[in-house]
$ cat model-v7.csv   # CSV, C-alpha atoms
chain,number,residue,atom,x,y,z
U,227,MET,CA,-20.0,-0.6,-10.6
U,228,SER,CA,-17.7,-2.6,-8.3
U,229,GLU,CA,-14.2,-1.1,-7.8
U,230,LEU,CA,-11.0,-2.0,-6.1
U,231,LEU,CA,-10.3,0.5,-3.3
U,232,LEU,CA,-6.7,0.7,-2.0
U,233,VAL,CA,-6.1,2.2,1.4
U,234,ARG,CA,-2.6,3.0,2.6
U,235,HIS,CA,-2.2,3.0,6.4
U,236,GLY,CA,-1.7,6.2,8.4
U,237,GLU,CA,1.5,7.7,9.6
U,238,THR,CA,4.0,5.8,11.7
U,239,GLU,CA,7.2,7.1,13.4
U,240,TRP,CA,9.2,5.3,10.7
U,241,SER,CA,7.1,6.6,7.8
U,242,ARG,CA,7.5,10.1,9.1
U,243,SER,CA,11.3,9.8,9.3
U,244,GLY,CA,11.6,7.9,6.0
U,245,ARG,CA,12.8,4.6,7.4
U,246,HIS,CA,12.0,1.5,5.3
U,247,THR,CA,9.3,-0.4,7.2
U,248,GLY,CA,8.6,-3.8,5.9
U,249,LEU,CA,7.8,-6.5,8.4
U,250,THR,CA,8.6,-4.4,11.5
U,251,ASP,CA,5.2,-3.9,13.2
U,252,VAL,CA,5.5,-0.1,13.9
U,253,PRO,CA,2.2,1.3,15.3
U,254,LEU,CA,0.4,4.4,14.0
U,255,THR,CA,1.3,7.7,15.6
U,256,GLU,CA,-1.3,10.0,17.1
U,257,VAL,CA,-1.3,11.8,13.8
U,258,GLY,CA,-1.6,8.5,11.9
U,259,GLU,CA,-4.7,7.6,14.0
U,260,GLY,CA,-6.3,10.9,13.2
U,261,GLN,CA,-5.5,10.5,9.5
U,262,ALA,CA,-7.1,7.0,9.5
U,263,THR,CA,-10.2,8.2,11.3
U,264,ALA,CA,-10.5,11.1,8.8
U,265,LEU,CA,-10.8,8.5,6.0
U,266,ARG,CA,-14.3,7.6,7.0
U,267,PRO,CA,-16.1,10.1,4.8
U,268,LEU,CA,-14.2,8.7,1.7
U,269,LEU,CA,-15.5,5.2,2.5
U,270,ALA,CA,-18.8,5.6,4.3
U,271,GLU,CA,-21.1,6.0,1.3
U,272,ARG,CA,-19.9,3.0,-0.7
U,273,THR,CA,-21.2,-0.5,-0.6
U,274,VAL,CA,-18.3,-2.9,0.4
U,275,SER,CA,-18.4,-6.6,-0.2
U,276,LEU,CA,-15.0,-7.6,1.1
U,277,VAL,CA,-12.3,-5.9,3.3
U,278,LEU,CA,-8.8,-7.4,3.4
U,279,ALA,CA,-6.0,-6.0,5.4
U,280,SER,CA,-2.3,-6.7,5.9
U,281,PRO,CA,-1.8,-8.6,9.2
U,282,LEU,CA,0.6,-5.8,10.4
U,283,GLY,CA,-1.0,-3.7,13.1
U,284,ARG,CA,-0.7,-0.4,11.4
U,285,ALA,CA,-2.9,-1.6,8.5
U,286,VAL,CA,-5.5,-3.4,10.7
U,287,ARG,CA,-5.7,-0.3,13.0
U,288,THR,CA,-6.2,2.0,10.0
U,289,ALA,CA,-9.0,-0.2,8.7
U,290,GLU,CA,-10.7,-0.1,12.0
U,291,LEU,CA,-10.4,3.6,12.5
U,292,ALA,CA,-11.6,4.2,8.9
U,293,GLY,CA,-14.9,2.6,9.9
U,294,LEU,CA,-14.5,-0.7,7.9
U,295,THR,CA,-16.0,-3.8,9.4
U,296,ASP,CA,-15.7,-7.6,8.9
U,297,ILE,CA,-11.9,-7.1,8.3
U,298,HIS,CA,-10.0,-10.2,7.2
U,299,THR,CA,-6.2,-10.3,7.2
U,300,ASP,CA,-4.3,-11.7,4.3
U,301,PRO,CA,-0.5,-12.3,4.8
U,302,ASP,CA,0.1,-11.7,1.1
U,303,LEU,CA,-0.8,-8.0,1.7
U,304,ARG,CA,2.2,-7.4,4.0
U,305,GLU,CA,4.8,-4.9,2.9
U,306,TRP,CA,7.9,-5.6,0.8
U,307,ASP,CA,10.5,-7.4,3.0
U,308,TYR,CA,13.4,-4.9,2.8
U,309,GLY,CA,16.0,-7.3,4.2
U,310,GLY,CA,19.1,-5.6,5.3
U,311,TYR,CA,17.6,-2.2,4.5
U,312,GLU,CA,14.8,-2.6,7.1
U,313,GLY,CA,14.7,0.5,9.2
U,314,VAL,CA,17.2,2.4,7.0
U,315,THR,CA,16.5,5.5,5.1
U,316,THR,CA,17.3,6.0,1.4
U,317,PRO,CA,19.9,8.7,2.1
U,318,GLU,CA,21.7,6.4,4.5
U,319,ILE,CA,21.8,3.6,1.9
U,320,GLN,CA,23.1,6.0,-0.7
U,321,ARG,CA,26.1,6.9,1.4
U,322,THR,CA,27.6,3.6,0.3
U,323,ARG,CA,25.5,3.1,-2.9
U,324,PRO,CA,25.1,6.6,-4.3
U,325,ASP,CA,22.9,5.5,-7.2
U,326,TRP,CA,20.8,3.0,-5.3
U,327,TYR,CA,17.1,2.9,-6.3
U,328,LEU,CA,14.8,0.3,-4.8
U,329,TRP,CA,12.8,-0.3,-8.0
U,330,ASP,CA,16.0,-1.0,-10.0
U,331,ASP,CA,18.5,-2.3,-7.4
U,332,GLY,CA,16.4,-4.1,-4.9
U,333,VAL,CA,17.5,-5.0,-1.3
U,334,ILE,CA,20.2,-7.0,0.4
U,335,PRO,CA,19.6,-10.0,2.7
U,336,GLY,CA,19.0,-9.1,6.3
U,337,PRO,CA,19.2,-10.9,9.7
U,338,ALA,CA,16.9,-13.8,10.7
U,339,GLY,CA,13.3,-12.8,10.0
U,340,HIS,CA,14.3,-10.3,7.3
U,341,PRO,CA,15.7,-12.3,4.3
U,342,GLY,CA,14.5,-9.7,1.8
U,343,GLU,CA,12.4,-10.0,-1.3
U,344,THR,CA,12.9,-9.4,-4.9
U,345,LEU,CA,10.6,-7.2,-6.9
U,346,GLU,CA,9.4,-10.3,-8.7
U,347,GLU,CA,8.5,-12.0,-5.4
U,348,VAL,CA,6.5,-9.0,-4.3
U,349,GLY,CA,4.7,-9.1,-7.7
U,350,ALA,CA,3.9,-12.7,-7.2
U,351,ARG,CA,2.2,-11.9,-3.9
U,352,ALA,CA,0.2,-9.2,-5.6
U,353,ASP,CA,-0.9,-11.6,-8.3
U,354,ARG,CA,-2.1,-14.1,-5.7
U,355,VAL,CA,-4.2,-11.4,-4.0
U,356,LEU,CA,-5.7,-10.3,-7.4
U,357,ALA,CA,-6.5,-13.9,-8.3
U,358,ARG,CA,-8.3,-14.4,-5.0
U,359,ILE,CA,-10.5,-11.3,-5.3
U,360,ALA,CA,-11.1,-11.6,-9.1
U,361,SER,CA,-14.6,-13.1,-8.7
U,362,ARG,CA,-15.6,-10.4,-6.3
U,363,LEU,CA,-14.8,-7.7,-8.8
U,364,GLU,CA,-16.7,-9.2,-11.7
U,365,PRO,CA,-20.3,-8.4,-10.6
U,366,ALA,CA,-21.1,-4.8,-11.6
U,367,ASP,CA,-23.2,-4.2,-8.5
U,368,ASP,CA,-21.9,-6.6,-5.9
U,369,GLY,CA,-20.0,-4.0,-3.9
U,370,ASP,CA,-16.4,-2.8,-3.8
U,371,VAL,CA,-13.3,-4.7,-2.5
U,372,VAL,CA,-11.1,-2.8,-0.1
U,373,LEU,CA,-7.5,-3.6,0.5
U,374,VAL,CA,-5.7,-1.9,3.4
U,375,ALA,CA,-2.0,-2.3,3.2
U,376,HIS,CA,1.3,-0.6,2.5
U,377,GLY,CA,2.8,1.9,0.1
U,378,HIS,CA,5.3,-0.1,-2.0
U,379,PHE,CA,3.1,-3.3,-2.0
U,380,LEU,CA,0.0,-1.4,-3.1
U,381,ARG,CA,2.0,0.3,-5.9
U,382,VAL,CA,3.1,-3.1,-7.2
U,383,LEU,CA,-0.4,-4.5,-7.0
U,384,THR,CA,-1.7,-1.5,-8.9
U,385,ALA,CA,0.8,-2.1,-11.7
U,386,ARG,CA,-0.2,-5.7,-11.9
U,387,ARG,CA,-4.0,-4.9,-11.9
U,388,LEU,CA,-3.4,-2.6,-14.8
U,389,GLY,CA,-1.5,-5.3,-16.7
U,390,LEU,CA,2.0,-3.7,-16.1
U,391,PRO,CA,5.2,-5.3,-14.8
U,392,PRO,CA,5.8,-5.0,-11.1
U,393,ALA,CA,8.5,-2.3,-11.7
U,394,ALA,CA,5.8,0.0,-13.1
U,395,GLY,CA,4.8,0.5,-9.4
U,396,ALA,CA,7.5,3.2,-9.4
U,397,LEU,CA,5.2,5.4,-11.4
U,398,PHE,CA,2.5,5.5,-8.7
U,399,ARG,CA,3.5,7.7,-5.7
U,400,LEU,CA,1.3,6.8,-2.7
U,401,ASP,CA,1.2,8.8,0.5
U,402,THR,CA,0.0,7.7,4.0
U,403,ALA,CA,-3.7,7.6,4.8
U,404,THR,CA,-5.0,7.9,1.2
U,405,VAL,CA,-7.6,6.1,-0.8
U,406,SER,CA,-7.1,5.1,-4.4
U,407,ARG,CA,-9.7,3.5,-6.8
U,408,ILE,CA,-9.2,1.2,-9.7
U,409,GLY,CA,-12.3,0.6,-11.8
U,410,THR,CA,-12.9,-0.3,-15.4
U,411,GLU,CA,-13.3,1.4,-18.7
U,412,HIS,CA,-14.7,-0.7,-21.6
U,413,GLY,CA,-14.2,-3.8,-19.5
U,414,ARG,CA,-10.5,-3.1,-18.8
U,415,PRO,CA,-9.0,-2.0,-15.5
U,416,ALA,CA,-8.4,1.7,-15.3
U,417,LEU,CA,-7.5,4.2,-12.6
U,418,VAL,CA,-10.5,6.2,-11.3
U,419,ALA,CA,-8.8,8.1,-8.5
U,420,TRP,CA,-5.3,8.1,-7.1
U,421,ASN,CA,-3.7,9.1,-3.8
U,422,THR,CA,-6.8,10.8,-2.5
U,423,PRO,CA,-6.4,12.1,1.1
U,424,SER,CA,-9.3,12.9,3.4
U,425,ALA,CA,-10.2,16.5,3.9
U,426,GLY,CA,-8.5,18.0,7.0
U,427,THR,CA,-5.7,15.5,7.4
U,428,SER,CA,-2.1,16.3,7.6
U,429,GLY,CA,-1.3,13.9,4.8
U,430,LYS,CA,-0.1,15.4,1.5
U,431,ALA,CA,-2.4,15.1,-1.4
U,432,GLY,CA,-1.3,13.5,-4.6
U,433,THR,CA,-3.0,13.4,-8.0
U,434,SER,CA,-6.6,12.3,-7.6
U,435,GLY,CA,-9.7,11.9,-9.6
U,436,THR,CA,-13.3,11.8,-8.5
U,437,SER,CA,-13.4,10.6,-5.0
U,438,GLY,CA,-16.1,8.3,-3.9
U,439,SER,CA,-17.1,7.1,-0.6
U,440,SER,CA,-17.5,2.7,1.3
U,441,GLY,CA,-18.9,0.7,3.8
U,442,ALA,CA,-19.7,0.7,7.3
U,443,SER,CA,-19.0,1.9,10.8
U,444,GLY,CA,-17.5,0.1,13.7
U,445,SER,CA,-14.4,-2.0,14.0
U,446,GLY,CA,-13.0,-5.4,14.6
U,447,ALA,CA,-10.5,-7.5,12.6
U,448,SER,CA,-10.5,-11.2,12.4
U,449,ALA,CA,-7.2,-12.9,11.8
U,450,VAL,CA,-8.6,-14.9,8.9
U,451,ALA,CA,-6.6,-15.3,5.8
U,452,ILE,CA,-8.6,-15.8,2.6
U,453,PRO,CA,-8.3,-19.5,1.6
U,454,ASP,CA,-5.8,-20.5,-1.1
U,455,GLY,CA,-3.6,-18.9,-0.1
U,456,ALA,CA,6.9,1.9,5.2
U,457,PRO,CA,6.2,5.5,5.2
U,458,GLU,CA,7.8,2.7,5.6
U,459,THR,CA,10.4,3.8,3.1
U,460,ALA,CA,12.3,6.9,2.5
U,461,SER,CA,11.8,8.9,-0.6
U,462,ASP,CA,12.2,6.9,-3.7
U,463,ALA,CA,13.3,9.9,-5.6
U,464,SER,CA,16.8,10.4,-6.8
U,465,PRO,CA,18.2,12.6,-9.6
U,466,GLY,CA,17.0,11.5,-13.0
U,467,ARG,CA,14.2,9.3,-11.7
U,468,VAL,CA,10.8,9.7,-13.2
U,469,GLY,CA,7.4,9.1,-11.6
U,470,THR,CA,8.3,9.0,-8.0
U,471,GLY,CA,7.5,11.4,-5.2
U,472,ALA,CA,10.0,13.2,-2.9
U,473,GLY,CA,10.3,13.4,0.8
U,474,ALA,CA,9.3,11.1,3.6
U,475,ALA,CA,5.7,11.2,2.3
U,476,SER,CA,6.6,8.6,-0.3
U,477,ALA,CA,8.2,6.3,2.2
U,478,ARG,CA,6.3,3.0,2.8

$ encode --input "model-v7.csv" --output "structure tokens"
Amino acid sequence: MSELLLVRHGETEWSRSGRHTGLTDVPLTEVGEGQATALRPLLAERTVSLVLASPLGRAVRTAELAGLTDIHTDPDLREWDYGGYEGVTTPEIQRTRPDWYLWDDGVIPGPAGHPGETLEEVGARADRVLARIASRLEPADDGDVVLVAHGHFLRVLTARRLGLPPAAGALFRLDTATVSRIGTEHGRPALVAWNTPSAGTSGKAGTSGTSGSSGASGSGASAVAIPDGAPETASDASPGRVGTGAGAASAR
């Protein structure tokens, strides 16, 4: 059956250090490129009907190294705009806002080019992506749809796909260079596997189900947005919070 496959990009310098990476185009590290390449076995045996990637270089490069082809970029797949918190770690933010938590408190406006986004605005982008790919997920045997993007955005999109509010994305820890799968059960969206790393990568494993494998070898991305239309962050964990990971692995 057709599934929605979510691929978070490989490690960057900012994801390794826990700096919030929204619109800043930070490249993959050497480790991140190795992680992305090691994703090929998880994808190579699946039939893929559509590959969409964030236009940011770390996502496109991950898609290429993972062996995906006919890659189209979609601006709605970009990461959360962290505004004034771009490039800042959670511990640094909490020096002046001790109880700050992204999913509850959001971001502050930043300089030109980083106005910041509300959680609701990120959720609206996720809804637009899901609306555009809905017809590709309906046929049971028409191939999977693969989205290659960023940690916080993919967590919000997962919540929306499952019929939950955007804030429920806080429940889905997502590490770099992982593959997650959303399928269906009795006609309703359901998680099939989550936060699945490739064997032999340095990424940390999360909770995963049966891992499957998708499409194609080679590379090449076309900067074509679908018509109609970092980590990057430090640990989201703080005392008393439920459902989030700890350490830089959970940064976007």

$ atom_distance --input "model-v7.csv" --atom1 "CA of Gly395 (chain U)" --atom2 "CA of Val257 (chain U)"
26.5 Å

$ closest_residue --input "model-v7.csv" --among "U:Arg414, U:Tyr308, U:Ala352, U:Glu256" --to "Asp331 (chain U)" --atoms "all atoms listed in the file"
U:Tyr308

$ residues_around --input "model-v7.csv" --residues "region 336-345 of chain U" --least-positions-apart "2" --cutoff "7 Å" --atoms "only C-alpha atoms" --output "MDAnalysis selection string"
chainID U and resid 306:310 332:334 347:349 392

$ residues_around --input "model-v7.csv" --residues "Leu254 (chain U)" --least-positions-apart "3" --cutoff "7 Å" --atoms "only C-alpha atoms" --output "PyMOL selection string"
chain U and resi 236-238+258-259+284

$ atom_distance --input "model-v7.csv" --atom1 "CA of Ser241 (chain U)" --atom2 "CA of Leu383 (chain U)"
20.0 Å

$ closest_residue --input "model-v7.csv" --among "U:Arg287, U:Arg272, U:Pro267, U:Leu278" --to "Pro253 (chain U)" --atoms "only C-alpha atoms"
U:Arg287

$ closest_residue --input "model-v7.csv" --among "U:Glu312, U:Asp353, U:Asp296, U:Glu305" --to "Ser275 (chain U)" --atoms "only C-alpha atoms"
U:Asp296

$ residues_around --input "model-v7.csv" --residues "Gly260 (chain U)" --least-positions-apart "5" --cutoff "12 Å" --atoms "only C-alpha atoms" --output "PDB file with C-alpha atoms, in the frame of the given file"
ATOM      1  CA  HIS U 235      -2.200   3.000   6.400  1.00  0.00           C
ATOM      2  CA  GLY U 236      -1.700   6.200   8.400  1.00  0.00           C
ATOM      3  CA  GLU U 237       1.500   7.700   9.600  1.00  0.00           C
ATOM      4  CA  THR U 238       4.000   5.800  11.700  1.00  0.00           C
ATOM      5  CA  LEU U 254       0.400   4.400  14.000  1.00  0.00           C
ATOM      6  CA  THR U 255       1.300   7.700  15.600  1.00  0.00           C
ATOM      7  CA  LEU U 265     -10.800   8.500   6.000  1.00  0.00           C
ATOM      8  CA  ARG U 266     -14.300   7.600   7.000  1.00  0.00           C
ATOM      9  CA  ARG U 287      -5.700  -0.300  13.000  1.00  0.00           C
ATOM     10  CA  THR U 288      -6.200   2.000  10.000  1.00  0.00           C
ATOM     11  CA  GLU U 290     -10.700  -0.100  12.000  1.00  0.00           C
ATOM     12  CA  LEU U 291     -10.400   3.600  12.500  1.00  0.00           C
ATOM     13  CA  ALA U 292     -11.600   4.200   8.900  1.00  0.00           C
ATOM     14  CA  THR U 402       0.000   7.700   4.000  1.00  0.00           C
ATOM     15  CA  ALA U 403      -3.700   7.600   4.800  1.00  0.00           C
ATOM     16  CA  SER U 424      -9.300  12.900   3.400  1.00  0.00           C
ATOM     17  CA  ALA U 425     -10.200  16.500   3.900  1.00  0.00           C
ATOM     18  CA  GLY U 426      -8.500  18.000   7.000  1.00  0.00           C
ATOM     19  CA  THR U 427      -5.700  15.500   7.400  1.00  0.00           C
ATOM     20  CA  SER U 428      -2.100  16.300   7.600  1.00  0.00           C
ATOM     21  CA  GLY U 429      -1.300  13.900   4.800  1.00  0.00           C
TER      22      GLY U 429
END

$ closest_residue --input "model-v7.csv" --among "U:Arg407, U:Ala357, U:Ala350, U:Thr299" --to "Leu276 (chain U)" --atoms "all atoms listed in the file"
U:Thr299

$ atom_distance --input "model-v7.csv" --atom1 "CA of Pro391 (chain U)" --atom2 "CA of Pro281 (chain U)"
25.2 Å

$ closest_residue --input "model-v7.csv" --among "U:Val382, U:Ala279, U:Leu400, U:Leu363" --to "Leu294 (chain U)" --atoms "only C-alpha atoms"
U:Ala279

$ closest_residue --input "model-v7.csv" --among "U:Glu229, U:Gly369, U:Leu303, U:Asp330" --to "Ile408 (chain U)" --atoms "only C-alpha atoms"
U:Glu229
